[in-house]
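S.K.: My questions will all concern the structure given below.
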Amino acid sequence: MFKRTFHVVNREKDLRRTFDDFILGKSGGIKHAHKVLIRRARLKDDKVLKCKCVDFLTDESATETSCNYCLGEKYIWDEEFTECYSMLKDSTLSSKIRKREFGELKVSYRTFYFRYDTKIDYNDKIIMMKLDLEGKVMIPYKREVIYRPETIQVYRSDFGRVEYIAVHCREDQAIRLEK
């Protein structure tokens with residue numbers, strides 16, 4: 001059965017439903033989303049829970065990737081698959097230029113678009129997985145790139161309700177994992 005993409009009263013588009021239809025293919029259309037992992041920092045009393053490998057004096061993890069619990073992240077985390085749409089915004093197109101002490105640096109961003117009910121925070125990471133030619137996550141799972149949210153932009157409309165969320169991440173700070 002066809003779902004309404006417009007509000008009943010004023011014939012205005014329902015952005016949540018439009019997002020679900022276009023990005024997630026909910027009404028039988030082509031799905032434009034792909035799976036990513038969100039690595040959520042585990043919290044205790046609203047504070048990030050540090051791993052047991054973190055040195056008390058230096059506040060650093062023991063080694064880069066030798067800890068089986070945090071993989072060098074310094075804190076305990078949980079991972080969860082979710083679907084989103086992402087796109088690369090090249091610095092030449094978006095004119096994002098960062099001033100530095102010795103000149104200018106052009107910065108490219110990857111923007112991830114998530115459903116309105118996705119929970120994401122600045123302590124979290126977005127992990128792009130290795131996909132096959134059809135866009136399905138390859139098994140065994142392989143992480144390709146880890147992004148840190150630079151800006152989380154909540155888009156609101158319709159009496160202030162959240163319609164969708166955009167997370168902007170800097171490409172130059174992404175961690176590309178070895179193959």
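Lettering and numbering for the structure tokens are positional, with chains as A, B, ... in the shown order, residues counted from 1 in each chain, and ligands counted from 1 in the shown order.
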Please identify the strand (DSSP E or B) residues within region 20-173 of chain A (assignment by DSSP from backbone atoms) and present them as a ChimeraX atom specification.
M.R.: /A:34-41,43-44,47-48,50,75,77-89,97-100,103-106,109-115,125-129,131,137,143-147,149-157,161-170
S.K.: Quick one: residues within 9 Å of Thr151 (chain A), only C-alpha atoms, excluding same-chain residues fewer than 5 positions away - as a PyMOL selection string?
M.R.: chain A and resi 122+166-169
S.K.: Export N, CA, C and O atoms of the chosen residues as a PDB file, in the first residue's frame?
M.R.:
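See again-v1.pdb below for the written result:
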```pdb
ATOM      1  N   TYR A 122      29.534  13.587  20.023  1.00  0.00           N
ATOM      2  CA  TYR A 122      30.888  13.955  19.605  1.00  0.00           C
ATOM      3  C   TYR A 122      31.943  12.969  20.104  1.00  0.00           C
ATOM      4  O   TYR A 122      33.035  12.909  19.565  1.00  0.00           O
ATOM      5  N   ALA A 166      22.576  15.448  10.160  1.00  0.00           N
ATOM      6  CA  ALA A 166      23.773  15.430   9.314  1.00  0.00           C
ATOM      7  C   ALA A 166      24.999  15.492  10.217  1.00  0.00           C
ATOM      8  O   ALA A 166      25.061  16.310  11.138  1.00  0.00           O
ATOM      9  N   VAL A 167      25.955  14.619   9.961  1.00  0.00           N
ATOM     10  CA  VAL A 167      27.200  14.592  10.727  1.00  0.00           C
ATOM     11  C   VAL A 167      28.336  14.857   9.751  1.00  0.00           C
ATOM     12  O   VAL A 167      28.529  14.103   8.800  1.00  0.00           O
ATOM     13  N   HIS A 168      29.064  15.942   9.980  1.00  0.00           N
ATOM     14  CA  HIS A 168      30.164  16.341   9.110  1.00  0.00           C
ATOM     15  C   HIS A 168      31.479  15.901   9.744  1.00  0.00           C
ATOM     16  O   HIS A 168      31.726  16.169  10.919  1.00  0.00           O
ATOM     17  N   CYS A 169      32.316  15.218   8.955  1.00  0.00           N
ATOM     18  CA  CYS A 169      33.593  14.694   9.431  1.00  0.00           C
ATOM     19  C   CYS A 169      34.696  15.136   8.476  1.00  0.00           C
ATOM     20  O   CYS A 169      34.511  15.088   7.258  1.00  0.00           O
TER      21      CYS A 169
END
```
S.K.: At a cut-off of 8 Å, using only C-alpha atoms, what residues contact Met129 (chain A)? Leave out same-chain residues fewer than 4 positions from it and give the result as a compact mmCIF listing (two decimals) with C-alpha atoms, in the first residue's frame.
M.R.:
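To be explicit, this is the file written out as selection.txt:
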```
# COMPACT_ATOMS: atom_id res chain seq x y z
CA LYS A 35 25.53 0.34 6.45
CA VAL A 36 28.04 1.89 8.82
CA LEU A 37 29.04 1.11 12.38
CA VAL A 137 28.79 -5.44 4.05
CA MET A 138 31.42 -8.08 3.31
CA TYR A 141 33.64 -7.77 8.55
CA LYS A 142 36.44 -5.38 7.69
CA ARG A 143 36.62 -1.81 8.88
CA GLU A 144 37.95 0.59 6.22
CA VAL A 145 37.77 4.15 7.56
```
S.K.: Env of Val154 (chain A): 12 Å cut, atoms = only C-alpha atoms, seq-sep filter 4 positions within chain, self excluded. Answer as a PDB file with N, CA, C and O atoms, in the first residue's frame.
M.R.:
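File written: selection-v6.pdb
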```
ATOM      1  N   PHE A 112      27.532  12.525   6.655  1.00  0.00           N
ATOM      2  CA  PHE A 112      26.673  11.364   6.849  1.00  0.00           C
ATOM      3  C   PHE A 112      25.286  11.875   7.227  1.00  0.00           C
ATOM      4  O   PHE A 112      25.153  12.719   8.108  1.00  0.00           O
ATOM      5  N   TYR A 113      24.253  11.351   6.559  1.00  0.00           N
ATOM      6  CA  TYR A 113      22.875  11.727   6.847  1.00  0.00           C
ATOM      7  C   TYR A 113      22.185  10.543   7.519  1.00  0.00           C
ATOM      8  O   TYR A 113      22.119   9.457   6.937  1.00  0.00           O
ATOM      9  N   PHE A 114      21.678  10.773   8.733  1.00  0.00           N
ATOM     10  CA  PHE A 114      21.040   9.736   9.529  1.00  0.00           C
ATOM     11  C   PHE A 114      19.570  10.077   9.775  1.00  0.00           C
ATOM     12  O   PHE A 114      19.188  11.241   9.751  1.00  0.00           O
ATOM     13  N   ARG A 115      18.782   9.038  10.071  1.00  0.00           N
ATOM     14  CA  ARG A 115      17.376   9.226  10.466  1.00  0.00           C
ATOM     15  C   ARG A 115      17.305  10.097  11.711  1.00  0.00           C
ATOM     16  O   ARG A 115      18.259  10.185  12.476  1.00  0.00           O
ATOM     17  N   TYR A 116      16.146  10.657  11.926  1.00  0.00           N
ATOM     18  CA  TYR A 116      15.908  11.566  13.050  1.00  0.00           C
ATOM     19  C   TYR A 116      16.131  10.918  14.409  1.00  0.00           C
ATOM     20  O   TYR A 116      16.472  11.586  15.382  1.00  0.00           O
ATOM     21  N   ASP A 117      15.960   9.606  14.523  1.00  0.00           N
ATOM     22  CA  ASP A 117      16.053   8.935  15.817  1.00  0.00           C
ATOM     23  C   ASP A 117      17.420   8.299  16.085  1.00  0.00           C
ATOM     24  O   ASP A 117      17.589   7.563  17.052  1.00  0.00           O
ATOM     25  N   THR A 118      18.408   8.606  15.257  1.00  0.00           N
ATOM     26  CA  THR A 118      19.757   8.074  15.454  1.00  0.00           C
ATOM     27  C   THR A 118      20.440   8.825  16.591  1.00  0.00           C
ATOM     28  O   THR A 118      20.452  10.049  16.623  1.00  0.00           O
ATOM     29  N   LYS A 119      21.010   8.069  17.522  1.00  0.00           N
ATOM     30  CA  LYS A 119      21.729   8.686  18.629  1.00  0.00           C
ATOM     31  C   LYS A 119      23.209   8.736  18.262  1.00  0.00           C
ATOM     32  O   LYS A 119      23.827   7.710  18.017  1.00  0.00           O
ATOM     33  N   ILE A 120      23.757   9.949  18.224  1.00  0.00           N
ATOM     34  CA  ILE A 120      25.177  10.112  17.931  1.00  0.00           C
ATOM     35  C   ILE A 120      25.691  11.319  18.706  1.00  0.00           C
ATOM     36  O   ILE A 120      24.976  12.295  18.896  1.00  0.00           O
ATOM     37  N   ASP A 121      26.928  11.212  19.165  1.00  0.00           N
ATOM     38  CA  ASP A 121      27.534  12.228  20.021  1.00  0.00           C
ATOM     39  C   ASP A 121      28.944  12.524  19.518  1.00  0.00           C
ATOM     40  O   ASP A 121      29.497  11.759  18.724  1.00  0.00           O
ATOM     41  N   GLY A 160       9.314  22.194  15.210  1.00  0.00           N
ATOM     42  CA  GLY A 160      10.570  21.944  15.910  1.00  0.00           C
ATOM     43  C   GLY A 160      10.984  20.501  16.038  1.00  0.00           C
ATOM     44  O   GLY A 160      11.998  20.199  16.664  1.00  0.00           O
ATOM     45  N   ARG A 161      10.251  19.567  15.443  1.00  0.00           N
ATOM     46  CA  ARG A 161      10.644  18.161  15.566  1.00  0.00           C
ATOM     47  C   ARG A 161      11.871  17.892  14.693  1.00  0.00           C
ATOM     48  O   ARG A 161      12.085  18.541  13.666  1.00  0.00           O
ATOM     49  N   VAL A 162      12.680  16.937  15.103  1.00  0.00           N
ATOM     50  CA  VAL A 162      13.877  16.569  14.349  1.00  0.00           C
ATOM     51  C   VAL A 162      13.445  15.795  13.110  1.00  0.00           C
ATOM     52  O   VAL A 162      12.712  14.818  13.204  1.00  0.00           O
ATOM     53  N   GLU A 163      13.928  16.233  11.935  1.00  0.00           N
ATOM     54  CA  GLU A 163      13.578  15.579  10.668  1.00  0.00           C
ATOM     55  C   GLU A 163      14.677  14.614  10.224  1.00  0.00           C
ATOM     56  O   GLU A 163      14.396  13.520   9.779  1.00  0.00           O
ATOM     57  N   TYR A 164      15.940  15.028  10.312  1.00  0.00           N
ATOM     58  CA  TYR A 164      17.076  14.163  10.032  1.00  0.00           C
ATOM     59  C   TYR A 164      18.324  14.806  10.632  1.00  0.00           C
ATOM     60  O   TYR A 164      18.289  15.946  11.086  1.00  0.00           O
ATOM     61  N   ILE A 165      19.412  14.053  10.657  1.00  0.00           N
ATOM     62  CA  ILE A 165      20.653  14.509  11.285  1.00  0.00           C
ATOM     63  C   ILE A 165      21.783  14.394  10.274  1.00  0.00           C
ATOM     64  O   ILE A 165      21.928  13.368   9.603  1.00  0.00           O
ATOM     65  N   ALA A 166      22.576  15.448  10.160  1.00  0.00           N
ATOM     66  CA  ALA A 166      23.773  15.430   9.314  1.00  0.00           C
ATOM     67  C   ALA A 166      24.999  15.492  10.217  1.00  0.00           C
ATOM     68  O   ALA A 166      25.061  16.310  11.138  1.00  0.00           O
ATOM     69  N   VAL A 167      25.955  14.619   9.961  1.00  0.00           N
ATOM     70  CA  VAL A 167      27.200  14.592  10.727  1.00  0.00           C
ATOM     71  C   VAL A 167      28.336  14.857   9.751  1.00  0.00           C
ATOM     72  O   VAL A 167      28.529  14.103   8.800  1.00  0.00           O
ATOM     73  N   HIS A 168      29.064  15.942   9.980  1.00  0.00           N
ATOM     74  CA  HIS A 168      30.164  16.341   9.110  1.00  0.00           C
ATOM     75  C   HIS A 168      31.479  15.901   9.744  1.00  0.00           C
ATOM     76  O   HIS A 168      31.726  16.169  10.919  1.00  0.00           O
TER      77      HIS A 168
END
```
S.K.: Within 6 Å of region 44-55 of chain A, which residues of region 68-158 of chain A show up? Give each one with its shortest atom-to-atom distance in Å (one decimal) and the two atoms involved, counting only C-alpha atoms, rows by chain then rising residue number, as a Markdown table.
M.R.:
```
| residue | atom | partner | partner_atom | distance |
| --- | --- | --- | --- | --- |
| A:Lys74 | CA | A:Cys51 | CA | 5.6 |
| A:Tyr75 | CA | A:Lys50 | CA | 4.0 |
| A:Ile76 | CA | A:Cys51 | CA | 5.4 |
```
S.K.: When distances are computed from only C-alpha atoms, which of A:Ile152, A:Cys67, A:Lys130, A:Asp158 shows the smallest separation from Leu177 (chain A)?
M.R.: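 Checking each candidate against Leu177 (chain A), we get A:Lys130 as the closest.
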S.K.: Calculate how many Å separate CA of Leu43 (chain A) from CA of Thr111 (chain A), rounding to one decimal.
M.R.: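 Spanning CA of Leu43 (chain A) to CA of Thr111 (chain A) is a straight-line distance of 25.5 Å.
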S.K.: Write out as a VMD selection string the residues lying within 8 Å of Asn123 (chain A), counting only C-alpha atoms and excluding same-chain residues fewer than 5 positions away.
M.R.: chain A and resid 40 to 41 148 to 149
S.K.: Save out the residues we just selected, N, CA and C atoms, as an mmCIF file, in the first residue's frame.
M.R.:
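Produced file selection.cif, reproduced below:
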```
data_model
loop_
_atom_site.group_PDB
_atom_site.id
_atom_site.type_symbol
_atom_site.label_atom_id
_atom_site.label_comp_id
_atom_site.auth_asym_id
_atom_site.auth_seq_id
_atom_site.Cartn_x
_atom_site.Cartn_y
_atom_site.Cartn_z
ATOM 1 N N ARG A 40 29.925 3.821 19.869
ATOM 2 C CA ARG A 40 29.450 4.703 20.931
ATOM 3 C C ARG A 40 30.304 4.532 22.176
ATOM 4 N N ALA A 41 30.740 5.657 22.702
ATOM 5 C CA ALA A 41 31.490 5.630 23.955
ATOM 6 C C ALA A 41 30.557 5.191 25.075
ATOM 7 N N ARG A 148 35.615 10.807 12.892
ATOM 8 C CA ARG A 148 35.228 11.462 14.139
ATOM 9 C C ARG A 148 34.321 12.631 13.794
ATOM 10 N N PRO A 149 33.136 12.710 14.413
ATOM 11 C CA PRO A 149 32.242 13.831 14.109
ATOM 12 C C PRO A 149 32.882 15.176 14.422
#
```
S.K.: Please identify which residues in region 10-175 of chain A DSSP calls helix (DSSP H, G or I) from the backbone, and express them as a PyMOL selection string.
M.R.: chain A and resi 15-22+91-94+171-173
S.K.: Store the residues picked out above, limited to N, CA, C and O atoms, as a PDB file, in the first residue's frame.
M.R.:
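For reference, again_2.pdb as written:
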```pdb
ATOM      1  N   LEU A  15       9.015  15.428   5.985  1.00  0.00           N
ATOM      2  CA  LEU A  15      10.434  15.193   5.726  1.00  0.00           C
ATOM      3  C   LEU A  15      10.939  13.872   6.296  1.00  0.00           C
ATOM      4  O   LEU A  15      11.808  13.240   5.708  1.00  0.00           O
ATOM      5  N   ARG A  16      10.412  13.435   7.409  1.00  0.00           N
ATOM      6  CA  ARG A  16      10.818  12.141   7.964  1.00  0.00           C
ATOM      7  C   ARG A  16      10.457  11.012   7.002  1.00  0.00           C
ATOM      8  O   ARG A  16      11.276  10.143   6.714  1.00  0.00           O
ATOM      9  N   ARG A  17       9.239  11.038   6.515  1.00  0.00           N
ATOM     10  CA  ARG A  17       8.785   9.995   5.602  1.00  0.00           C
ATOM     11  C   ARG A  17       9.532  10.090   4.270  1.00  0.00           C
ATOM     12  O   ARG A  17       9.888   9.078   3.681  1.00  0.00           O
ATOM     13  N   THR A  18       9.781  11.316   3.802  1.00  0.00           N
ATOM     14  CA  THR A  18      10.528  11.502   2.561  1.00  0.00           C
ATOM     15  C   THR A  18      11.946  10.962   2.706  1.00  0.00           C
ATOM     16  O   THR A  18      12.473  10.309   1.805  1.00  0.00           O
ATOM     17  N   PHE A  19      12.585  11.207   3.858  1.00  0.00           N
ATOM     18  CA  PHE A  19      13.922  10.669   4.133  1.00  0.00           C
ATOM     19  C   PHE A  19      13.889   9.146   4.092  1.00  0.00           C
ATOM     20  O   PHE A  19      14.711   8.514   3.435  1.00  0.00           O
ATOM     21  N   ASP A  20      12.915   8.552   4.792  1.00  0.00           N
ATOM     22  CA  ASP A  20      12.789   7.088   4.814  1.00  0.00           C
ATOM     23  C   ASP A  20      12.544   6.520   3.418  1.00  0.00           C
ATOM     24  O   ASP A  20      13.095   5.492   3.054  1.00  0.00           O
ATOM     25  N   ASP A  21      11.728   7.210   2.627  1.00  0.00           N
ATOM     26  CA  ASP A  21      11.432   6.741   1.273  1.00  0.00           C
ATOM     27  C   ASP A  21      12.661   6.825   0.379  1.00  0.00           C
ATOM     28  O   ASP A  21      13.015   5.868  -0.315  1.00  0.00           O
ATOM     29  N   PHE A  22      13.331   7.972   0.380  1.00  0.00           N
ATOM     30  CA  PHE A  22      14.443   8.185  -0.539  1.00  0.00           C
ATOM     31  C   PHE A  22      15.725   7.484  -0.087  1.00  0.00           C
ATOM     32  O   PHE A  22      16.350   6.762  -0.849  1.00  0.00           O
ATOM     33  N   SER A  91      36.747  20.207  -0.933  1.00  0.00           N
ATOM     34  CA  SER A  91      37.004  21.571  -0.491  1.00  0.00           C
ATOM     35  C   SER A  91      36.951  22.570  -1.637  1.00  0.00           C
ATOM     36  O   SER A  91      36.636  23.732  -1.442  1.00  0.00           O
ATOM     37  N   THR A  92      37.243  22.133  -2.859  1.00  0.00           N
ATOM     38  CA  THR A  92      37.187  23.072  -3.978  1.00  0.00           C
ATOM     39  C   THR A  92      35.751  23.427  -4.312  1.00  0.00           C
ATOM     40  O   THR A  92      35.476  24.512  -4.795  1.00  0.00           O
ATOM     41  N   LEU A  93      34.813  22.519  -4.020  1.00  0.00           N
ATOM     42  CA  LEU A  93      33.410  22.789  -4.300  1.00  0.00           C
ATOM     43  C   LEU A  93      32.746  23.577  -3.178  1.00  0.00           C
ATOM     44  O   LEU A  93      31.928  24.446  -3.416  1.00  0.00           O
ATOM     45  N   SER A  94      33.102  23.267  -1.948  1.00  0.00           N
ATOM     46  CA  SER A  94      32.430  23.906  -0.820  1.00  0.00           C
ATOM     47  C   SER A  94      33.195  25.086  -0.252  1.00  0.00           C
ATOM     48  O   SER A  94      32.752  25.716   0.685  1.00  0.00           O
ATOM     49  N   GLU A 171      37.898  14.776   6.304  1.00  0.00           N
ATOM     50  CA  GLU A 171      38.602  13.686   5.613  1.00  0.00           C
ATOM     51  C   GLU A 171      40.059  13.596   6.048  1.00  0.00           C
ATOM     52  O   GLU A 171      40.611  12.508   6.141  1.00  0.00           O
ATOM     53  N   ASP A 172      40.693  14.727   6.320  1.00  0.00           N
ATOM     54  CA  ASP A 172      42.114  14.697   6.673  1.00  0.00           C
ATOM     55  C   ASP A 172      42.352  14.118   8.065  1.00  0.00           C
ATOM     56  O   ASP A 172      43.474  13.794   8.413  1.00  0.00           O
ATOM     57  N   GLN A 173      41.317  13.972   8.881  1.00  0.00           N
ATOM     58  CA  GLN A 173      41.457  13.378  10.201  1.00  0.00           C
ATOM     59  C   GLN A 173      40.940  11.940  10.253  1.00  0.00           C
ATOM     60  O   GLN A 173      40.983  11.311  11.298  1.00  0.00           O
TER      61      GLN A 173
END
```
S.K.: Please determine, counting only C-alpha atoms, which residue among A:Lys13, A:Arg156, A:His32, A:Arg110 has the shortest atom-to-atom distance to Gly135 (chain A).
M.R.: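 Checking each candidate against Gly135 (chain A), we get A:His32 as the closest.
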S.K.: Find the distance between CA of Ser61 (chain A) and CA of Ile126 (chain A) and write it in Å to one decimal.
M.R.: 20.6 Å
